[in-house]
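Peer 1: Sending over a structure as structure tokens; questions will come in a sec.
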Amino acid sequence: MLRSRLRWKYTEDDVAEAILDVTDNGFSPLQAAHRRGVPRRTLIDRLHGRGAVKEQIHPHRRLSKRQEDRLAFWILRQESLGYAPSHSQIRACVMGLLRQQGEHPNLGRNWVIKFINRRADLKTKMGRRQEAKRFDSFTPKAVHWYFDIRDGQYGWIKPENTVNADEGGIMTGFGLDSLVVGSADPKRKAFLKGPQTRNWTSFIEAVTADGRALVPGIIFKGKELQKQWFLEEFKQIADWYYITSPNGWTDDHIGIEWLERVYLPQTTPADESDARLIILDGHGSHETPLDNGVFNALKAAYRRELERFASLTDSAPMDKVNFIRAYAKARRVGMTKKNILSGWRVTGNWPISRAKALRHPEIQQDRPNGSPRVTPEPRPYLGSDDTPQTSRQIRDLGLNKTPKTRRRYNVISQGL
């Protein structure tokens, strides 16, 4: 009598063992129920073919509770791998399951929405498409490797002399962000892996750890700048750095010229004995300030400005004018001191905090058999994709170049 008043505590494994006791071991249902600690009524129901409550399908639902739980687990798993499913993909998955069960595969138009609303752990949000290599490379091992260098060798450099430079732009032929389903955690964003095509009008931005933004560099696709691109109304932004490249993004020549015309003059230390540090984005992780918040705010502001103009193309000169006008307004909104300082803080770059970076919501788990980013072996030759560490290495980069380019390398080596 006392036992019937208590809440039974048993698992599906206990029920399975009790069923085997009856069918294979000769126990009566009562004996098996007492032996395995399951209710006798439950055991009898199972012996007569009735499923567990979690396996029973609600009269107004197409899936059982357990099936819905497994579907939610699959969605969250896909999100963690960088493949958060869309509503249509979830619908296709459920319809395939119904076919396997021999049921009619049609679902109501709002089935996916109602399913998500029933789940506290799921939410529809915007999926941001991202290069797969970048997504997979942001791991604790990569963070430790980075901060061993960042803090151990360069942590003493003053924030006003510490600069993060990065390239961004408007990409064409690239998959658009779309609504997907993933974790309900507001701090966890859904990223969509995909190829990183770069047909764009680029910009180079640089910010200091004390919240200052340097003059931007604007890189148009083309052979040379056309005067009609710049109207009289743009005189107030004439101190920007403008240049063209065949594909619309940076190369060695543009990088050197930007260092010479923008970085060196605008980051001259108050004390000539102070060192300068420039942190570049190697597209291998999310550890740079510009990539965390600053560019998001900048591009969101730019999209709002762009709505007031006609769609841009890569050919019409007026499109370049619209871009400059919209980007100038977007910078005033997105490149604020508050946003810049937030980017440095959330990545743990300033104040320097390895723990802050390790708590980043987008960090991935280390893969046991993966190939983590490690410090490259020193090589006698410094290629165009390697970061020079000394003034001698910078001068060496000028070897076999034109006299004009060699002079630029020499100027930069003297500045460092």
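Residue numbers start at 1 in each chain; chains themselves are named A, B, ... in the order of the structure tokens; ligands are numbered from 1 in the order shown.
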Taking the DSSP assignment computed from this structure's backbone, write out as a PyMOL selection string all residues of segment 130-164 of chain A that belong to alpha helix (DSSP H).
Peer 2: chain A and resi 132-137+140-154
Peer 1: Name all residues at most 8 Å from segment 341-346 of chain A (count only C-alpha atoms; drop same-chain ones fewer than 6 positions away) and give them as a list in words.
Peer 2: Ala209, Asp210, Gly211, Thr288, Pro289, Leu290, Asp291, Asn292, Gly293, Val294, Ile352, Lys356, Ala357 and His360 of chain A
Peer 1: Take the selection from the previous step and output its residues with C-alpha atoms, as a PDB file, in the first residue's frame.
Peer 2:
```pdb
ATOM      1  CA  ALA A 209      43.182  49.568 -28.404  1.00  0.00           C
ATOM      2  CA  ASP A 210      42.307  52.930 -26.847  1.00  0.00           C
ATOM      3  CA  GLY A 211      39.300  53.343 -29.166  1.00  0.00           C
ATOM      4  CA  THR A 288      40.565  40.196 -33.712  1.00  0.00           C
ATOM      5  CA  PRO A 289      38.552  43.174 -32.388  1.00  0.00           C
ATOM      6  CA  LEU A 290      37.294  44.400 -35.784  1.00  0.00           C
ATOM      7  CA  ASP A 291      35.807  40.983 -36.498  1.00  0.00           C
ATOM      8  CA  ASN A 292      33.854  41.046 -33.219  1.00  0.00           C
ATOM      9  CA  GLY A 293      31.147  43.658 -33.213  1.00  0.00           C
ATOM     10  CA  VAL A 294      32.806  46.556 -35.030  1.00  0.00           C
ATOM     11  CA  ILE A 352      44.511  41.251 -22.289  1.00  0.00           C
ATOM     12  CA  LYS A 356      37.682  36.162 -21.978  1.00  0.00           C
ATOM     13  CA  ALA A 357      38.637  34.721 -25.371  1.00  0.00           C
ATOM     14  CA  HIS A 360      33.684  33.421 -26.582  1.00  0.00           C
TER      15      HIS A 360
END
```
Peer 1: Give me, please, the distance in Å between atom CA of Val94 of chain A and atom CA of Ala120 of chain A, quoted to one decimal.
Peer 2: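 Rounded to one decimal, the two atoms are 19.3 Å apart.
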Peer 1: Residues within 12 Å of Phe73 of chain A, please, as a short mmCIF file (atom, residue, chain, number, x, y, z; two decimals) with C-alpha atoms, in the first residue's frame. Count only C-alpha atoms; anything in the same chain fewer than 2 positions from it doesn't count.
Peer 2:
```cif
data_model
loop_
_atom_site.label_atom_id
_atom_site.label_comp_id
_atom_site.auth_asym_id
_atom_site.auth_seq_id
_atom_site.Cartn_x
_atom_site.Cartn_y
_atom_site.Cartn_z
CA ARG A 66 10.83 11.17 -28.00
CA GLN A 67 10.95 11.78 -31.75
CA GLU A 68 10.57 15.52 -31.20
CA ASP A 69 13.36 15.42 -28.62
CA ARG A 70 15.61 13.62 -31.09
CA LEU A 71 14.73 16.12 -33.82
CA ILE A 75 18.99 20.59 -34.98
CA LEU A 76 21.29 21.72 -32.17
CA ARG A 77 23.96 19.28 -33.32
CA GLN A 78 23.79 20.61 -36.88
CA GLU A 79 24.07 24.18 -35.57
CA SER A 80 27.19 23.33 -33.58
CA ALA A 84 22.03 25.02 -38.84
CA ARG A 119 10.58 23.96 -27.63
CA ASP A 121 15.65 25.27 -26.49
CA LEU A 122 15.00 26.26 -30.12
CA VAL A 181 16.70 27.23 -36.60
CA GLY A 182 19.14 26.71 -33.75
CA SER A 183 19.76 27.18 -30.04
#
```
Peer 1: For segment 321-354 of chain A versus segment 153-156 of chain A, which residues have an atom no more than 10 Å away, and what is each residue's nearest atom pair and distance in Å rounded to one decimal, using only C-alpha atoms, chain-then-number order, as a tab-separated table?
Peer 2:
```
residue	atom	partner	partner_atom	distance
A:Asn349	CA	A:Gly155	CA	9.2
A:Trp350	CA	A:Gly155	CA	9.2
A:Pro351	CA	A:Gly155	CA	9.5
A:Ile352	CA	A:Gly155	CA	7.4
```
